[in-house]
Amino acid sequence: MELSKKTKAALWWQRLKGKAHSSNQTLSLSNQGQSPGRFLIILPEQSIESDLARRFVQSMRNALGPIAVNQMRIIGPAHIGNLLDLSDFHDFILYGDKDLNRWNLPGKELIWACQRIQVDAVLDLNQSFAPVSATLCQTVTAKLKIGFFSEDGESYYNIMVKRKGEELAESGFKEIFQILGI
């Protein structure tokens, strides 16, 4: 998907302003270091990816056990969130078109809500670059930010996962679980 010049300019401005939200602390993913304990999952913006997102959220919840509802935060478009069963989760934010500004990026209220989120790792489930999700990822203060590989993603994610094989999306999700040690 080609981004408009207006959106590219708005993303550039957001990246420039968002440098204060990047964390200088490191997070070790070894047995000797501190592993992530609290997660923010950014749901995909495309409805065709909702089934994969549902399976990923369910798998992660099963892997973390009964305390998963307190460790996982979810944010995403309302039309995707309504397709998933989020009734068990205490902390989720679903946004709509009215929460976006004139450049189709997160508005002030949504940015403010994301700045208050305290997590160790952000997982963006968009298979391709999504400006709204990337901006939300940048806004949240976290040591570890994982997204799928894209040319534009370098400024937003610490780790970018490449998909490979026939089951492109599922291979990427398996790699995310391996990175997190789940």
# chains A, B, ... in the order shown; residues from 1 in each chain; ligands from 1
>>> select_by_dssp(residues="stretch 76-142 of chain A", states="strand (DSSP E or B)", output="list in words")
Gly76, Pro77, Phe92, Ile93, Leu94, Tyr95, Leu100, Pro106, Gln118, Ala121, Val122, Leu123, Asp124 and Thr141 of chain A
>>> write_last_selection(atoms="all heavy atoms", output="CSV table (one decimal), in the first residue's frame")
chain,number,residue,atom,x,y,z
A,76,GLY,N,-6.7,-1.5,19.2
A,76,GLY,CA,-6.9,-1.8,17.8
A,76,GLY,C,-8.2,-1.1,17.3
A,76,GLY,O,-8.9,-0.5,18.1
A,77,PRO,N,-8.4,-1.2,16.0
A,77,PRO,CA,-9.6,-0.6,15.4
A,77,PRO,C,-10.9,-1.3,15.9
A,77,PRO,O,-10.8,-2.5,16.2
A,77,PRO,CB,-9.5,-0.9,13.9
A,77,PRO,CG,-8.0,-1.3,13.7
A,77,PRO,CD,-7.5,-1.8,15.0
A,92,PHE,N,-8.4,-2.9,27.4
A,92,PHE,CA,-8.3,-2.8,26.0
A,92,PHE,C,-8.9,-1.5,25.5
A,92,PHE,O,-9.7,-0.9,26.1
A,92,PHE,CB,-9.0,-4.0,25.2
A,92,PHE,CG,-10.5,-4.1,25.5
A,92,PHE,CD1,-11.4,-3.5,24.7
A,92,PHE,CD2,-10.9,-4.9,26.5
A,92,PHE,CE1,-12.7,-3.6,24.9
A,92,PHE,CE2,-12.3,-5.0,26.8
A,92,PHE,CZ,-13.2,-4.4,25.9
A,93,ILE,N,-8.3,-1.0,24.4
A,93,ILE,CA,-8.8,0.3,23.8
A,93,ILE,C,-9.1,0.0,22.3
A,93,ILE,O,-8.3,-0.6,21.6
A,93,ILE,CB,-7.7,1.3,23.8
A,93,ILE,CG1,-7.3,1.7,25.2
A,93,ILE,CG2,-8.1,2.6,23.1
A,93,ILE,CD1,-6.1,2.6,25.3
A,94,LEU,N,-10.4,0.3,21.9
A,94,LEU,CA,-10.8,0.1,20.6
A,94,LEU,C,-11.1,1.5,20.0
A,94,LEU,O,-11.8,2.3,20.7
A,94,LEU,CB,-12.0,-0.8,20.5
A,94,LEU,CG,-11.9,-2.2,21.0
A,94,LEU,CD1,-13.2,-2.9,20.8
A,94,LEU,CD2,-10.8,-2.9,20.2
A,95,TYR,N,-10.6,1.9,18.9
A,95,TYR,CA,-10.7,3.2,18.3
A,95,TYR,C,-11.5,3.1,17.0
A,95,TYR,O,-11.5,2.1,16.3
A,95,TYR,CB,-9.4,3.9,18.2
A,95,TYR,CG,-8.4,3.3,17.3
A,95,TYR,CD1,-8.4,3.5,15.9
A,95,TYR,CD2,-7.5,2.4,17.8
A,95,TYR,CE1,-7.5,2.8,15.1
A,95,TYR,CE2,-6.5,1.7,17.0
A,95,TYR,CZ,-6.6,2.0,15.6
A,95,TYR,OH,-5.7,1.3,14.8
A,100,LEU,N,-9.2,9.5,14.9
A,100,LEU,CA,-8.1,9.8,14.1
A,100,LEU,C,-8.2,11.3,13.7
A,100,LEU,O,-9.3,11.8,13.6
A,100,LEU,CB,-8.1,8.9,12.8
A,100,LEU,CG,-8.1,7.4,13.1
A,100,LEU,CD1,-8.2,6.7,11.7
A,100,LEU,CD2,-6.9,7.0,13.9
A,106,PRO,N,-3.5,8.8,14.7
A,106,PRO,CA,-4.1,8.9,16.0
A,106,PRO,C,-4.3,10.4,16.5
A,106,PRO,O,-3.3,11.1,16.3
A,106,PRO,CB,-3.2,8.1,16.9
A,106,PRO,CG,-2.5,7.2,16.1
A,106,PRO,CD,-2.3,7.9,14.7
A,118,GLN,N,1.7,1.4,30.4
A,118,GLN,CA,3.0,0.9,30.9
A,118,GLN,C,3.1,-0.6,30.6
A,118,GLN,O,2.5,-1.4,31.3
A,118,GLN,CB,3.1,1.1,32.4
A,118,GLN,CG,3.0,2.6,32.8
A,118,GLN,CD,4.2,3.4,32.3
A,118,GLN,OE1,5.3,2.9,32.3
A,118,GLN,NE2,3.9,4.6,31.8
A,121,ALA,N,6.7,-4.9,26.5
A,121,ALA,CA,6.8,-5.2,25.1
A,121,ALA,C,5.5,-4.8,24.3
A,121,ALA,O,4.4,-5.0,24.8
A,121,ALA,CB,7.1,-6.7,24.9
A,122,VAL,N,5.7,-4.3,23.1
A,122,VAL,CA,4.6,-4.0,22.2
A,122,VAL,C,4.7,-4.9,21.0
A,122,VAL,O,5.8,-5.0,20.4
A,122,VAL,CB,4.7,-2.5,21.7
A,122,VAL,CG1,3.6,-2.2,20.7
A,122,VAL,CG2,4.7,-1.5,22.9
A,123,LEU,N,3.6,-5.6,20.7
A,123,LEU,CA,3.6,-6.5,19.5
A,123,LEU,C,2.6,-6.0,18.5
A,123,LEU,O,1.4,-5.9,18.8
A,123,LEU,CB,3.2,-7.9,20.0
A,123,LEU,CG,3.9,-8.4,21.2
A,123,LEU,CD1,3.2,-9.7,21.7
A,123,LEU,CD2,5.3,-8.7,20.9
A,124,ASP,N,3.1,-5.5,17.4
A,124,ASP,CA,2.2,-5.0,16.3
A,124,ASP,C,1.9,-6.2,15.4
A,124,ASP,O,2.8,-6.7,14.7
A,124,ASP,CB,2.9,-3.9,15.6
A,124,ASP,CG,2.0,-3.2,14.5
A,124,ASP,OD1,0.9,-3.7,14.3
A,124,ASP,OD2,2.4,-2.2,14.0
A,141,THR,N,5.6,3.9,25.7
A,141,THR,CA,6.9,3.7,26.2
A,141,THR,C,7.1,2.2,26.6
A,141,THR,O,6.5,1.7,27.5
A,141,THR,CB,7.2,4.6,27.4
A,141,THR,OG1,6.9,5.9,27.0
A,141,THR,CG2,8.6,4.5,27.9
>>> residues_around(residues="A:Ala68", least_positions_apart="4", cutoff="12 Å", atoms="only C-alpha atoms", output="list in words")
Gly37, Arg38, Phe39, Leu40, Val57, Gln58, Ser59, Met60, Arg61, Asn62, Ala63, Leu64, Met72, Arg73, Ile74, Asp88, Phe89, His90 and Asp91 of chain A
>>> write_last_selection(atoms="C-alpha atoms", output="CSV table (one decimal), in the first residue's frame")
chain,number,residue,atom,x,y,z
A,37,GLY,CA,6.1,-9.4,31.8
A,38,ARG,CA,3.4,-7.0,30.4
A,39,PHE,CA,2.5,-6.9,26.8
A,40,LEU,CA,0.6,-4.5,24.5
A,57,VAL,CA,-4.2,-13.5,21.0
A,58,GLN,CA,-5.8,-16.8,22.1
A,59,SER,CA,-2.4,-18.7,21.8
A,60,MET,CA,-0.6,-16.1,23.8
A,61,ARG,CA,-3.3,-16.1,26.4
A,62,ASN,CA,-3.1,-19.9,26.7
A,63,ALA,CA,0.7,-19.8,26.9
A,64,LEU,CA,0.7,-17.2,29.7
A,72,MET,CA,-2.0,-8.3,28.2
A,73,ARG,CA,-3.3,-5.0,27.0
A,74,ILE,CA,-5.0,-4.8,23.6
A,88,ASP,CA,-12.1,-11.7,29.3
A,89,PHE,CA,-9.6,-8.8,29.1
A,90,HIS,CA,-9.7,-6.0,31.6
A,91,ASP,CA,-7.7,-3.5,29.6
>>> select_by_dssp(residues="stretch 18-113 of chain A", states="alpha helix (DSSP H)", output="count of residues only")
29
>>> atom_distance(atom1="atom CA of A:Trp12", atom2="atom CA of A:His79")
27.1 Å
>>> residues_around(residues="A:Thr135", least_positions_apart="6", cutoff="12 Å", atoms="only C-alpha atoms", output="PyMOL selection string")
chain A and resi 7-8+10-19+21+42+100+103-108+110-111+114-115+124+129+141+145+152-153+155-157
>>> write_last_selection(atoms="C-alpha atoms", output="PDB file, in the first residue's frame")
ATOM      1  CA  THR A   7       0.565  10.820   5.504  1.00  0.00           C
ATOM      2  CA  LYS A   8       4.334  10.527   4.973  1.00  0.00           C
ATOM      3  CA  ALA A  10       2.596  13.518   9.196  1.00  0.00           C
ATOM      4  CA  LEU A  11       4.537  10.340  10.053  1.00  0.00           C
ATOM      5  CA  TRP A  12       7.831  12.220   9.741  1.00  0.00           C
ATOM      6  CA  TRP A  13       6.530  14.882  12.130  1.00  0.00           C
ATOM      7  CA  GLN A  14       5.277  12.216  14.572  1.00  0.00           C
ATOM      8  CA  ARG A  15       8.675  10.461  14.538  1.00  0.00           C
ATOM      9  CA  LEU A  16      10.404  13.776  15.216  1.00  0.00           C
ATOM     10  CA  LYS A  17       8.117  14.517  18.173  1.00  0.00           C
ATOM     11  CA  GLY A  18       8.118  10.907  19.401  1.00  0.00           C
ATOM     12  CA  LYS A  19      11.830  10.635  20.202  1.00  0.00           C
ATOM     13  CA  HIS A  21       8.974   8.153  24.118  1.00  0.00           C
ATOM     14  CA  ILE A  42      -1.778  -3.875  18.528  1.00  0.00           C
ATOM     15  CA  LEU A 100      -8.100   9.793  14.071  1.00  0.00           C
ATOM     16  CA  TRP A 103      -4.089  13.018   8.469  1.00  0.00           C
ATOM     17  CA  ASN A 104      -5.666   9.665   9.417  1.00  0.00           C
ATOM     18  CA  LEU A 105      -3.217   9.247  12.290  1.00  0.00           C
ATOM     19  CA  PRO A 106      -4.136   8.917  15.995  1.00  0.00           C
ATOM     20  CA  GLY A 107      -5.723  12.020  17.482  1.00  0.00           C
ATOM     21  CA  LYS A 108      -4.711  13.721  20.728  1.00  0.00           C
ATOM     22  CA  LEU A 110      -5.841   8.375  21.577  1.00  0.00           C
ATOM     23  CA  ILE A 111      -2.189   9.455  21.832  1.00  0.00           C
ATOM     24  CA  CYS A 114      -1.397   5.362  24.786  1.00  0.00           C
ATOM     25  CA  GLN A 115       1.148   7.481  26.646  1.00  0.00           C
ATOM     26  CA  ASP A 124       2.203  -5.023  16.299  1.00  0.00           C
ATOM     27  CA  PHE A 129       3.175  -1.250   7.467  1.00  0.00           C
ATOM     28  CA  THR A 141       6.931   3.692  26.180  1.00  0.00           C
ATOM     29  CA  LYS A 145       8.780  -3.185  20.138  1.00  0.00           C
ATOM     30  CA  ASP A 152       9.105   2.068   6.873  1.00  0.00           C
ATOM     31  CA  GLY A 153       9.195   0.027  10.088  1.00  0.00           C
ATOM     32  CA  SER A 155      11.914   3.872  12.892  1.00  0.00           C
ATOM     33  CA  TYR A 156       9.200   2.201  14.960  1.00  0.00           C
ATOM     34  CA  TYR A 157      10.332  -1.298  15.952  1.00  0.00           C
TER      35      TYR A 157
END
>>> closest_residue(among="A:Leu136, A:Val161, A:Leu144, A:Leu83", to="A:Lys174", atoms="only C-alpha atoms")
A:Val161
